[in-house]
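What follows is the content of structure.txt, which has compact mmCIF, C-alpha atoms and all ligand atoms:
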# COMPACT_ATOMS: atom_id res chain seq x y z
CA MET A 228 0.00 0.00 0.00
CA ILE A 229 1.27 3.49 -0.81
CA PRO A 230 1.28 5.27 2.57
CA PHE A 231 -1.34 8.02 2.85
CA ILE A 232 1.14 9.85 5.08
CA ASP A 233 4.66 8.43 5.39
CA LEU A 234 6.00 9.16 8.85
CA ASN A 235 8.54 6.33 8.62
CA ALA A 236 10.42 7.89 5.69
CA GLN A 237 10.81 11.05 7.73
CA GLN A 238 11.78 9.20 10.88
CA LYS A 239 14.54 7.30 9.10
CA LEU A 240 16.20 10.60 8.22
CA ILE A 241 16.31 12.03 11.74
CA ARG A 242 15.88 9.07 14.07
CA ASP A 243 19.38 9.43 15.57
CA LYS A 244 18.79 13.08 16.36
CA ILE A 245 15.36 12.41 17.85
CA GLU A 246 16.80 9.67 20.05
CA LYS A 247 19.52 12.03 21.29
CA ARG A 248 16.89 14.63 22.15
CA ILE A 249 14.72 12.04 23.92
CA ASN A 250 17.73 10.81 25.88
CA LYS A 251 18.42 14.34 27.07
CA VAL A 252 14.90 14.55 28.48
CA LEU A 253 15.36 11.17 30.16
CA ASP A 254 18.58 12.50 31.69
CA HIS A 255 17.21 15.77 33.07
CA GLY A 256 13.84 14.30 34.02
CA GLN A 257 11.77 17.50 33.68
CA TYR A 258 9.03 15.78 31.77
CA ILE A 259 6.58 18.66 32.10
CA LEU A 260 7.57 22.24 31.20
CA GLY A 261 11.17 21.19 30.67
CA PRO A 262 13.71 23.35 28.79
CA GLU A 263 12.70 21.82 25.43
CA VAL A 264 9.27 23.45 25.65
CA LYS A 265 10.76 26.94 26.05
CA GLU A 266 13.33 26.25 23.32
CA LEU A 267 10.55 25.16 20.98
CA GLU A 268 8.45 28.24 21.78
CA ASP A 269 11.42 30.48 20.97
CA LYS A 270 12.11 28.66 17.71
CA LEU A 271 8.43 28.76 16.68
CA SER A 272 8.41 32.47 17.47
CA SER A 273 11.34 33.02 15.08
CA PHE A 274 9.78 30.72 12.49
CA THR A 275 6.48 32.63 12.42
CA ASN A 276 7.68 36.05 13.52
CA SER A 277 4.96 35.90 16.14
CA LYS A 278 5.91 37.64 19.40
CA HIS A 279 4.36 35.13 21.77
CA VAL A 280 4.09 31.39 21.35
CA LEU A 281 2.54 29.04 23.87
CA CYS A 282 3.05 25.33 23.34
CA CYS A 283 0.24 23.18 24.70
CA SER A 284 -1.35 19.75 24.74
CA SER A 285 -3.26 19.69 21.41
CA GLY A 286 -4.65 21.78 18.59
CA THR A 287 -8.08 21.67 20.18
CA ASP A 288 -6.66 22.94 23.47
CA ALA A 289 -4.80 25.67 21.55
CA LEU A 290 -8.17 26.80 20.15
CA LEU A 291 -9.74 26.70 23.62
CA LEU A 292 -6.84 28.64 25.16
CA SER A 293 -7.09 31.20 22.35
CA LEU A 294 -10.80 31.70 23.01
CA LEU A 295 -10.06 32.09 26.72
CA GLY A 296 -7.38 34.66 25.84
CA LEU A 297 -9.95 36.50 23.72
CA LYS A 298 -12.30 36.49 26.75
CA ILE A 299 -15.22 34.87 24.96
CA LYS A 300 -18.35 34.76 27.12
CA PRO A 301 -21.33 32.39 27.16
CA GLY A 302 -23.97 33.36 24.60
CA GLU A 303 -21.54 35.21 22.33
CA GLY A 304 -21.18 34.12 18.71
CA VAL A 305 -18.23 33.13 16.53
CA ILE A 306 -18.50 32.72 12.75
CA VAL A 307 -16.94 29.42 11.67
CA PRO A 308 -17.02 27.41 8.44
CA ALA A 309 -19.32 24.39 8.31
CA PHE A 310 -16.76 22.60 6.14
CA THR A 311 -14.01 21.80 8.65
CA PHE A 312 -12.95 19.36 11.34
CA ALA A 313 -15.13 19.23 14.48
CA SER A 314 -12.58 20.99 16.71
CA SER A 315 -13.04 24.31 14.91
CA ALA A 316 -16.63 24.55 16.14
CA GLU A 317 -16.47 22.26 19.18
CA VAL A 318 -14.55 24.76 21.28
CA MET A 319 -17.29 27.41 21.21
CA PRO A 320 -20.05 25.38 22.94
CA LEU A 321 -17.48 24.05 25.42
CA LEU A 322 -17.22 27.65 26.66
CA GLY A 323 -20.94 28.37 26.27
CA ALA A 324 -20.41 30.33 23.06
CA ILE A 325 -22.30 29.82 19.80
CA PRO A 326 -20.86 28.78 16.43
CA ILE A 327 -22.52 30.52 13.46
CA PHE A 328 -21.92 28.40 10.38
CA ILE A 329 -20.72 30.08 7.20
CA ASP A 330 -20.17 28.65 3.72
CA VAL A 331 -16.79 28.19 2.03
CA LYS A 332 -15.45 28.66 -1.50
CA ARG A 333 -15.56 25.81 -3.96
CA ASP A 334 -11.99 26.21 -5.23
CA THR A 335 -10.08 26.92 -2.00
CA PHE A 336 -12.33 25.16 0.57
CA ASN A 337 -11.93 28.21 2.87
CA ILE A 338 -14.39 30.81 4.26
CA ASP A 339 -16.12 32.81 1.55
CA PRO A 340 -15.45 36.38 2.72
CA SER A 341 -18.36 37.69 0.64
CA LYS A 342 -20.71 35.83 2.98
CA LEU A 343 -19.41 37.29 6.25
CA TYR A 344 -21.92 40.15 6.27
CA ASP A 345 -24.76 37.71 5.81
CA SER A 346 -23.51 35.54 8.70
CA LEU A 347 -23.25 38.56 10.96
CA GLN A 348 -26.80 39.63 10.07
CA THR A 349 -28.13 36.11 10.61
CA ALA A 350 -26.74 36.15 14.14
CA LYS A 351 -27.95 39.69 14.85
CA ASN A 352 -31.48 38.82 13.73
CA ILE A 353 -31.69 36.11 16.37
CA GLY A 354 -30.12 38.23 19.08
CA ILE A 355 -26.61 36.77 19.11
CA LYS A 356 -23.71 39.17 19.57
CA VAL A 357 -20.92 37.99 17.31
CA LYS A 358 -17.45 38.64 18.76
CA GLY A 359 -15.17 37.00 16.26
CA ILE A 360 -14.43 34.93 13.20
CA MET A 361 -12.59 31.63 13.15
CA SER A 362 -10.79 31.36 9.85
CA VAL A 363 -9.61 27.84 9.03
CA GLY A 364 -6.73 27.18 6.64
CA LEU A 365 -8.24 23.97 5.39
CA PHE A 366 -5.92 21.42 3.79
CA GLY A 367 -2.99 23.82 4.18
CA GLN A 368 -3.86 27.06 2.42
CA PRO A 369 -4.57 30.02 4.70
CA ALA A 370 -7.99 31.63 4.28
CA GLU A 371 -8.20 35.05 2.58
CA MET A 372 -6.96 36.81 5.67
CA ASP A 373 -6.75 40.35 4.23
CA LEU A 374 -10.46 40.36 3.45
CA ILE A 375 -11.41 38.56 6.66
CA ASN A 376 -9.28 40.88 8.82
CA GLU A 377 -10.70 43.95 7.09
CA PHE A 378 -14.27 42.79 7.65
CA ALA A 379 -13.42 42.00 11.27
CA LYS A 380 -11.87 45.41 11.82
CA ASN A 381 -14.88 47.22 10.33
CA ASN A 382 -17.24 45.26 12.54
CA ASP A 383 -15.25 45.26 15.76
CA LEU A 384 -14.54 41.52 15.67
CA TRP A 385 -11.40 39.55 16.37
CA VAL A 386 -10.02 36.77 14.13
CA LEU A 387 -8.81 33.46 15.49
CA ASP A 388 -7.03 31.46 12.79
CA ASP A 389 -7.44 27.70 13.11
CA ALA A 390 -4.09 26.84 11.57
CA ALA A 391 -4.10 23.18 12.58
CA GLN A 392 -3.66 22.23 8.94
CA SER A 393 -2.08 25.38 7.49
CA PHE A 394 0.93 25.76 9.79
CA GLY A 395 3.90 26.31 7.47
CA GLY A 396 1.74 28.19 4.95
CA LYS A 397 2.17 31.85 4.07
CA HIS A 398 0.30 34.90 2.88
CA LYS A 399 2.41 37.58 1.19
CA GLU A 400 5.54 36.39 2.97
CA LYS A 401 3.80 36.56 6.35
CA SER A 402 3.79 33.19 8.04
CA VAL A 403 0.73 31.37 9.27
CA GLY A 404 0.59 32.03 12.99
CA ASN A 405 0.97 35.73 12.35
CA LEU A 406 -1.99 36.49 10.08
CA SER A 407 -4.55 37.46 12.74
CA GLU A 408 -4.89 38.47 16.43
CA VAL A 409 -4.32 34.90 17.44
CA ALA A 410 -3.74 31.56 15.76
CA ALA A 411 -3.79 27.97 16.97
CA THR A 412 -2.08 24.98 15.44
CA SER A 413 -1.96 21.24 16.00
CA PHE A 414 1.08 18.98 16.18
CA PHE A 415 -0.99 15.80 15.82
CA PRO A 416 1.35 13.25 14.16
CA ALA A 417 -0.32 13.47 10.73
CA LYS A 418 -0.13 17.27 10.55
CA PRO A 419 2.58 18.93 8.38
CA LEU A 420 4.61 19.51 11.56
CA GLY A 421 3.61 16.68 13.88
CA CYS A 422 4.96 15.19 17.09
CA TYR A 423 4.62 11.59 18.33
CA GLY A 424 1.51 12.19 20.39
CA ASP A 425 -0.78 15.16 20.86
CA GLY A 426 0.48 18.72 20.87
CA GLY A 427 -0.44 22.21 19.78
CA ALA A 428 0.50 25.87 20.03
CA VAL A 429 -1.03 29.34 20.32
CA PHE A 430 0.54 32.28 18.43
CA THR A 431 -0.16 35.95 19.09
CA ASN A 432 1.43 39.38 19.14
CA ASP A 433 -0.95 40.45 21.92
CA ARG A 434 0.61 40.20 25.38
CA GLU A 435 -2.72 39.99 27.21
CA ILE A 436 -4.05 37.15 25.06
CA TYR A 437 -0.80 35.29 25.64
CA GLU A 438 -0.81 35.86 29.39
CA ILE A 439 -4.38 34.66 29.83
CA ALA A 440 -3.73 31.61 27.63
CA ASN A 441 -0.49 30.89 29.45
CA SER A 442 -2.10 31.08 32.88
CA SER A 443 -5.12 29.08 31.65
CA HIS A 444 -2.99 26.22 30.41
CA ILE A 445 -1.69 25.62 33.95
CA HIS A 446 -4.98 25.63 35.86
CA GLY A 447 -5.32 29.43 35.76
CA MET A 448 -2.10 29.86 37.70
CA GLY A 449 -1.25 33.33 39.02
CA LYS A 450 2.19 34.85 39.62
CA LYS A 451 3.11 32.13 42.09
CA ARG A 452 2.56 28.40 42.09
CA TYR A 453 -0.66 27.34 43.84
CA GLU A 454 -2.06 30.85 43.46
CA TYR A 455 -4.89 31.07 40.92
CA ASP A 456 -6.15 34.00 38.87
CA ARG A 457 -8.84 32.24 36.88
CA ILE A 458 -10.47 28.91 36.11
CA GLY A 459 -8.08 27.08 33.82
CA MET A 460 -7.22 23.66 32.54
CA ASN A 461 -4.28 21.30 32.29
CA ALA A 462 -3.04 21.80 28.77
CA ARG A 463 0.74 21.63 29.05
CA MET A 464 2.97 20.17 26.36
CA SER A 465 5.18 17.30 27.43
CA SER A 466 8.94 17.88 27.17
CA LEU A 467 9.28 14.68 25.12
CA GLN A 468 6.93 16.01 22.45
CA ALA A 469 8.78 19.32 22.39
CA ALA A 470 12.08 17.43 22.01
CA ILE A 471 10.70 15.55 19.00
CA LEU A 472 9.27 18.70 17.46
CA LEU A 473 12.60 20.52 17.79
CA GLU A 474 14.23 17.99 15.48
CA LYS A 475 11.27 17.92 13.10
CA LEU A 476 11.24 21.72 12.90
CA GLU A 477 14.84 21.60 11.59
CA ILE A 478 13.74 19.77 8.43
CA PHE A 479 10.30 21.39 8.18
CA PRO A 480 11.26 24.13 5.64
CA GLU A 481 12.78 21.48 3.35
CA GLU A 482 9.71 19.27 3.77
CA LEU A 483 7.40 22.15 2.86
CA LYS A 484 9.34 22.57 -0.41
CA LYS A 485 9.02 18.85 -1.07
CA ARG A 486 5.26 18.97 -0.42
CA GLN A 487 5.00 21.77 -2.99
CA VAL A 488 6.80 19.61 -5.56
CA VAL A 489 4.38 16.75 -4.83
CA ALA A 490 1.40 19.10 -5.28
CA ASN A 491 2.84 20.45 -8.54
CA ASN A 492 3.25 16.93 -9.86
CA TYR A 493 -0.29 15.97 -8.89
CA ASP A 494 -1.57 19.13 -10.65
CA LYS A 495 0.43 18.28 -13.76
CA TYR A 496 -0.62 14.64 -14.08
CA LEU A 497 -4.25 15.06 -13.02
CA ASN A 498 -4.81 18.08 -15.29
CA SER A 499 -3.30 16.22 -18.23
CA LEU A 500 -6.00 13.55 -17.92
CA ASN A 501 -8.74 15.99 -18.96
CA LEU A 502 -11.34 14.19 -16.88
CA GLY A 503 -12.99 17.22 -15.31
CA ILE A 504 -11.19 16.71 -12.00
CA LYS A 505 -10.62 20.02 -10.19
CA VAL A 506 -7.21 20.27 -8.55
CA PRO A 507 -6.91 22.58 -5.51
CA LYS A 508 -6.51 26.27 -6.29
CA ILE A 509 -3.86 28.24 -4.45
CA ASN A 510 -4.55 31.97 -4.57
CA ASP A 511 -1.86 34.42 -5.73
CA ASN A 512 0.41 35.43 -2.86
CA PHE A 513 -0.50 32.36 -0.82
CA LYS A 514 1.56 29.30 0.06
CA SER A 515 -0.04 26.10 1.25
CA SER A 516 1.55 23.72 3.74
CA TRP A 517 -0.19 20.94 1.78
CA ALA A 518 -1.55 19.11 4.80
CA GLN A 519 -3.81 17.38 2.29
CA TYR A 520 -4.02 17.21 -1.48
CA THR A 521 -7.76 17.28 -2.07
CA ILE A 522 -9.42 17.06 -5.46
CA LEU A 523 -12.99 17.71 -6.54
CA LEU A 524 -14.45 14.85 -8.55
CA PRO A 525 -16.91 15.31 -11.41
CA GLU A 526 -20.42 15.02 -9.95
CA ASN A 527 -21.35 11.89 -11.89
CA ILE A 528 -18.51 9.83 -10.37
CA ASN A 529 -19.37 7.44 -7.56
CA ARG A 530 -16.77 8.44 -4.99
CA ALA A 531 -17.12 5.35 -2.82
CA LYS A 532 -16.60 3.08 -5.85
CA LEU A 533 -13.54 5.06 -6.92
CA GLN A 534 -12.14 4.74 -3.39
CA GLU A 535 -12.77 1.00 -3.46
CA TYR A 536 -11.07 0.69 -6.83
CA LEU A 537 -8.04 2.72 -5.71
CA LYS A 538 -7.81 0.66 -2.53
CA SER A 539 -7.68 -2.50 -4.64
CA LYS A 540 -4.68 -0.90 -6.35
CA ASN A 541 -3.04 -0.18 -2.98
CA ILE A 542 -3.86 3.52 -3.09
CA PRO A 543 -5.44 4.81 0.13
CA THR A 544 -7.74 7.84 -0.02
CA ALA A 545 -9.82 9.77 2.51
CA VAL A 546 -12.87 11.99 2.55
CA TYR A 547 -12.41 15.16 4.56
CA TYR A 548 -15.24 15.82 5.38
CA PRO A 549 -18.23 13.71 4.34
CA ILE A 550 -20.86 15.50 6.47
CA PRO A 551 -21.16 19.29 7.00
CA LEU A 552 -20.63 20.10 10.69
CA ASN A 553 -24.09 21.61 11.07
CA GLU A 554 -25.63 18.24 10.14
CA HIS A 555 -24.16 16.42 13.14
CA LYS A 556 -26.45 16.02 16.13
CA PRO A 557 -24.43 18.10 18.62
CA TYR A 558 -24.21 20.97 16.12
CA ASN A 559 -27.60 21.00 14.42
CA LYS A 560 -29.10 23.45 16.88
CA TYR A 561 -26.65 26.22 15.99
CA PRO A 562 -27.41 28.93 13.44
CA VAL A 563 -26.59 28.61 9.78
CA SER A 564 -26.04 31.78 7.75
CA LYS A 565 -29.14 32.89 5.84
CA SER A 566 -27.48 32.46 2.45
CA GLY A 567 -27.01 28.77 3.19
CA LEU A 568 -24.21 26.28 2.85
CA ASP A 569 -24.58 25.12 -0.76
CA VAL A 570 -20.85 24.87 -1.40
CA THR A 571 -20.24 23.00 1.86
CA TYR A 572 -22.84 20.38 0.89
CA TYR A 573 -21.42 20.15 -2.62
CA LEU A 574 -17.87 19.67 -1.36
CA SER A 575 -18.81 17.11 1.24
CA LYS A 576 -20.20 14.94 -1.58
CA ASN A 577 -17.41 15.41 -4.11
CA VAL A 578 -14.04 15.92 -2.40
CA LEU A 579 -11.38 13.24 -2.24
CA SER A 580 -8.00 13.48 -0.53
CA LEU A 581 -5.08 11.60 -2.08
CA PRO A 582 -1.86 10.40 -0.44
CA MET A 583 0.24 13.43 0.50
CA HIS A 584 3.59 13.63 2.25
CA PRO A 585 6.99 15.10 1.41
CA TYR A 586 8.47 11.75 0.39
CA LEU A 587 5.83 10.76 -2.18
CA LYS A 588 7.68 9.94 -5.39
CA GLU A 589 6.82 11.13 -8.87
CA ASP A 590 6.30 7.58 -10.13
CA GLU A 591 3.83 6.96 -7.29
CA ILE A 592 1.93 10.10 -8.33
CA ILE A 593 1.86 8.85 -11.93
CA TYR A 594 0.58 5.47 -10.69
CA ILE A 595 -2.17 7.18 -8.66
CA SER A 596 -3.30 9.44 -11.51
CA ASP A 597 -3.16 6.55 -14.02
CA ASN A 598 -5.46 4.53 -11.79
CA ILE A 599 -7.88 7.43 -11.34
CA ASN A 600 -7.83 7.69 -15.14
CA ASN A 601 -8.52 3.95 -15.57
CA PHE A 602 -11.49 4.09 -13.24
CA ILE A 603 -13.09 7.22 -14.68
CA LYS A 604 -12.47 6.29 -18.35
CA ASN A 605 -14.19 2.95 -17.85
CA TYR A 606 -16.95 4.35 -15.67
C1 LIG B 701 -8.97 22.12 11.18
C2 LIG B 701 -8.56 21.49 12.47
N1 LIG B 701 -8.76 22.16 13.62
C3 LIG B 701 -8.39 21.65 14.80
C4 LIG B 701 -7.80 20.41 14.91
C5 LIG B 701 -7.51 19.85 16.27
O1 LIG B 701 -6.22 19.48 16.49
P1 LIG B 701 -5.89 18.33 17.56
O2 LIG B 701 -6.25 17.04 16.95
O3 LIG B 701 -4.42 18.48 17.79
O4 LIG B 701 -6.66 18.62 18.80
C6 LIG B 701 -7.56 19.68 13.75
C7 LIG B 701 -6.86 18.38 13.77
O5 LIG B 701 -7.17 17.33 13.91
C8 LIG B 701 -7.96 20.22 12.50
O6 LIG B 701 -7.78 19.55 11.36

Could you write out this structure as structure tokens?
Amino acid sequence: MIPFIDLNAQQKLIRDKIEKRINKVLDHGQYILGPEVKELEDKLSSFTNSKHVLCCSSGTDALLLSLLGLKIKPGEGVIVPAFTFASSAEVMPLLGAIPIFIDVKRDTFNIDPSKLYDSLQTAKNIGIKVKGIMSVGLFGQPAEMDLINEFAKNNDLWVLDDAAQSFGGKHKEKSVGNLSEVAATSFFPAKPLGCYGDGGAVFTNDREIYEIANSSHIHGMGKKRYEYDRIGMNARMSSLQAAILLEKLEIFPEELKKRQVVANNYDKYLNSLNLGIKVPKINDNFKSSWAQYTILLPENINRAKLQEYLKSKNIPTAVYYPIPLNEHKPYNKYPVSKSGLDVTYYLSKNVLSLPMHPYLKEDEIIYISDNINNFIKNY
């Protein structure tokens, strides 16, 4: 089977270095909040040019800590795409806040900025005070942050960027992590920069957001230990995960270049088939981290059958995401923007993610596109 994500190829390259780092942690024994965590925060700060970085226990916790830093209150609303992973919307109700679902664009899979006004009005009409927008850089490309930030500024809203998938991406030479008031990423193993467990980070240039998030991630700790300023949580990153990430961060820029080459090759071979498959669009001045390579199939193709066929050829695929978030039971009571979610529904039926990792070879990409061709031609 071609690996969907090949963590072994990466590990082979840096295993010695990772082992050395792990051994250092075993030697000093500061498993929680050890020196590796601070070193990683400093390196991530240089990498993103973000003043404050807080490493934490997962991407979901990074979103929660960001919302705490933004002082979200129960009953307040946050605009969030319906076409995303559950975490993006899950964190609002956990704090008593309300997700307002907005539609995305068909070619980039990200928030459609032209629908923000409509989402805001939808919430207003039912008496919900919207406080912010959660942009999501789905599959690796940041959302259209200039337009989203401008709308937010004009309407007195903040922007929290869910960069779980887009970490490593860029907009006009500004790095993801530094495209909004606050951003949150995930270091889940399958993410472009992943550890060997759960991990995440919050990025901000705002000292107050950072301080609240920092305190909140250690039980709301105050200036001294066992002195509390607020209700918090336990969301610390383990030193072992930080140690692993430090080595992975060293090769991350090179891996991002390799992912771009893989995406270019997919574009080339899939476009040459002339089968009506839509390859992902990257906007001018944007760079994707290529967390996923997701195509849009022609509507008449039976996606499940194509997946079955590809599986029989040892090609794994995935559907991110088969059901719009607002359709799931825990989310179906939350408001949907008046203009609807047509694109979200369309995408959930027709997207297909193909194997994507920096070490995917050109001949594997040719094999994958040849097999897609075989299936569709004989369909
Ligand atoms: C868009 C998005 N947001 C948030 C998360 C949550 O990250 P984690 O799994 O580290 O909690 C993920 C990852 O799974 C994600 O894809």

Within 7 Å of ligand LIG 701 (chain B), counting all atoms listed in the file, which protein or nucleic acid residues do you find, written as a short mmCIF file (atom, residue, chain, number, x, y, z; two decimals) with C-alpha atoms, in the coordinates of the input?
data_model
loop_
_atom_site.label_atom_id
_atom_site.label_comp_id
_atom_site.auth_asym_id
_atom_site.auth_seq_id
_atom_site.Cartn_x
_atom_site.Cartn_y
_atom_site.Cartn_z
CA SER A 285 -3.26 19.69 21.41
CA GLY A 286 -4.65 21.78 18.59
CA THR A 287 -8.08 21.67 20.18
CA ASP A 288 -6.66 22.94 23.47
CA THR A 311 -14.01 21.80 8.65
CA PHE A 312 -12.95 19.36 11.34
CA SER A 314 -12.58 20.99 16.71
CA SER A 315 -13.04 24.31 14.91
CA VAL A 363 -9.61 27.84 9.03
CA LEU A 365 -8.24 23.97 5.39
CA ASP A 389 -7.44 27.70 13.11
CA ALA A 390 -4.09 26.84 11.57
CA ALA A 391 -4.10 23.18 12.58
CA GLN A 392 -3.66 22.23 8.94
CA THR A 412 -2.08 24.98 15.44
CA SER A 413 -1.96 21.24 16.00
CA PHE A 414 1.08 18.98 16.18
CA PHE A 415 -0.99 15.80 15.82
CA ASP A 425 -0.78 15.16 20.86
CA GLY A 426 0.48 18.72 20.87
CA GLY A 427 -0.44 22.21 19.78
#

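For the set A:Leu420, A:Ile259, A:Leu322, A:Val357, the residue with the smallest atom-to-atom gap to Glu303 of chain A is A:Val357, counting all atoms listed in the file.
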
Report as JSON lines the residues of segment 326-431 of chain A within 12 Å of segment 578-592 of chain A, each with its shortest atom pair and distance in Å (one decimal), using only C-alpha atoms, ordered by chain and increasing residue number.
{"residue": "A:Arg333", "atom": "CA", "partner": "A:Val578", "partner_atom": "CA", "distance": 10.1}
{"residue": "A:Asp334", "atom": "CA", "partner": "A:Val578", "partner_atom": "CA", "distance": 10.9}
{"residue": "A:Thr335", "atom": "CA", "partner": "A:Val578", "partner_atom": "CA", "distance": 11.7}
{"residue": "A:Phe336", "atom": "CA", "partner": "A:Val578", "partner_atom": "CA", "distance": 9.9}
{"residue": "A:Phe366", "atom": "CA", "partner": "A:Ser580", "partner_atom": "CA", "distance": 9.3}
{"residue": "A:Gly367", "atom": "CA", "partner": "A:Met583", "partner_atom": "CA", "distance": 11.5}
{"residue": "A:Ala417", "atom": "CA", "partner": "A:His584", "partner_atom": "CA", "distance": 9.3}
{"residue": "A:Lys418", "atom": "CA", "partner": "A:His584", "partner_atom": "CA", "distance": 9.8}
{"residue": "A:Pro419", "atom": "CA", "partner": "A:His584", "partner_atom": "CA", "distance": 8.2}
{"residue": "A:Leu420", "atom": "CA", "partner": "A:His584", "partner_atom": "CA", "distance": 11.1}

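Taking only C-alpha atoms, the non-local environment of Ile528 of chain A within 12 Å (same-chain residues fewer than 6 positions away omitted) comprises Leu502, Gly503, Ile504, Gln534, Lys576, Asn577, Val578, Leu579, Ile599, Asn600, Phe602, Ile603, Lys604, Asn605 and Tyr606 of chain A.
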
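Candidate residues A:Ala518, A:Leu384, A:Val305, A:Cys422 were compared for distance to Gln237 of chain A, and the nearest is A:Cys422, using only C-alpha atoms.
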
Taking N, CA and C atoms as the atom set, what does segment 501-517 of chain A look like once completed, written as a PDB file, keeping the file's coordinate frame?
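Contents of rebuild21.pdb, as written:
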ATOM      1  N   ASN A 501      -7.525  15.386 -18.390  1.00  0.00           N
ATOM      2  CA  ASN A 501      -8.740  15.990 -18.960  1.00  0.00           C
ATOM      3  C   ASN A 501     -10.018  15.245 -18.604  1.00  0.00           C
ATOM      4  N   LEU A 502     -10.166  14.972 -17.319  1.00  0.00           N
ATOM      5  CA  LEU A 502     -11.340  14.190 -16.880  1.00  0.00           C
ATOM      6  C   LEU A 502     -12.348  15.053 -16.127  1.00  0.00           C
ATOM      7  N   GLY A 503     -12.078  16.347 -16.059  1.00  0.00           N
ATOM      8  CA  GLY A 503     -12.990  17.220 -15.310  1.00  0.00           C
ATOM      9  C   GLY A 503     -12.715  17.215 -13.814  1.00  0.00           C
ATOM     10  N   ILE A 504     -11.569  16.661 -13.417  1.00  0.00           N
ATOM     11  CA  ILE A 504     -11.190  16.710 -12.000  1.00  0.00           C
ATOM     12  C   ILE A 504     -10.676  18.108 -11.699  1.00  0.00           C
ATOM     13  N   LYS A 505     -11.133  18.694 -10.571  1.00  0.00           N
ATOM     14  CA  LYS A 505     -10.620  20.020 -10.190  1.00  0.00           C
ATOM     15  C   LYS A 505      -9.511  19.830  -9.160  1.00  0.00           C
ATOM     16  N   VAL A 506      -8.322  20.323  -9.510  1.00  0.00           N
ATOM     17  CA  VAL A 506      -7.210  20.270  -8.550  1.00  0.00           C
ATOM     18  C   VAL A 506      -7.333  21.496  -7.641  1.00  0.00           C
ATOM     19  N   PRO A 507      -6.734  21.453  -6.431  1.00  0.00           N
ATOM     20  CA  PRO A 507      -6.910  22.580  -5.510  1.00  0.00           C
ATOM     21  C   PRO A 507      -6.313  23.872  -6.059  1.00  0.00           C
ATOM     22  N   LYS A 508      -7.013  24.974  -5.813  1.00  0.00           N
ATOM     23  CA  LYS A 508      -6.510  26.270  -6.290  1.00  0.00           C
ATOM     24  C   LYS A 508      -5.776  26.977  -5.145  1.00  0.00           C
ATOM     25  N   ILE A 509      -4.576  27.422  -5.432  1.00  0.00           N
ATOM     26  CA  ILE A 509      -3.860  28.240  -4.450  1.00  0.00           C
ATOM     27  C   ILE A 509      -3.888  29.677  -4.970  1.00  0.00           C
ATOM     28  N   ASN A 510      -4.426  30.567  -4.162  1.00  0.00           N
ATOM     29  CA  ASN A 510      -4.550  31.970  -4.570  1.00  0.00           C
ATOM     30  C   ASN A 510      -3.173  32.613  -4.738  1.00  0.00           C
ATOM     31  N   ASP A 511      -3.117  33.664  -5.575  1.00  0.00           N
ATOM     32  CA  ASP A 511      -1.860  34.420  -5.730  1.00  0.00           C
ATOM     33  C   ASP A 511      -1.435  34.933  -4.358  1.00  0.00           C
ATOM     34  N   ASN A 512      -0.152  34.939  -4.134  1.00  0.00           N
ATOM     35  CA  ASN A 512       0.410  35.430  -2.860  1.00  0.00           C
ATOM     36  C   ASN A 512       0.153  34.521  -1.667  1.00  0.00           C
ATOM     37  N   PHE A 513      -0.296  33.305  -1.913  1.00  0.00           N
ATOM     38  CA  PHE A 513      -0.500  32.360  -0.820  1.00  0.00           C
ATOM     39  C   PHE A 513       0.409  31.148  -1.004  1.00  0.00           C
ATOM     40  N   LYS A 514       0.837  30.583   0.125  1.00  0.00           N
ATOM     41  CA  LYS A 514       1.560  29.300   0.060  1.00  0.00           C
ATOM     42  C   LYS A 514       0.832  28.324   0.967  1.00  0.00           C
ATOM     43  N   SER A 515       0.618  27.131   0.452  1.00  0.00           N
ATOM     44  CA  SER A 515      -0.040  26.100   1.250  1.00  0.00           C
ATOM     45  C   SER A 515       1.015  25.232   1.938  1.00  0.00           C
ATOM     46  N   SER A 516       0.653  24.699   3.087  1.00  0.00           N
ATOM     47  CA  SER A 516       1.550  23.720   3.740  1.00  0.00           C
ATOM     48  C   SER A 516       1.228  22.314   3.233  1.00  0.00           C
ATOM     49  N   TRP A 517       0.207  22.213   2.384  1.00  0.00           N
ATOM     50  CA  TRP A 517      -0.190  20.940   1.780  1.00  0.00           C
ATOM     51  C   TRP A 517      -0.380  19.837   2.820  1.00  0.00           C
TER      52      TRP A 517
END
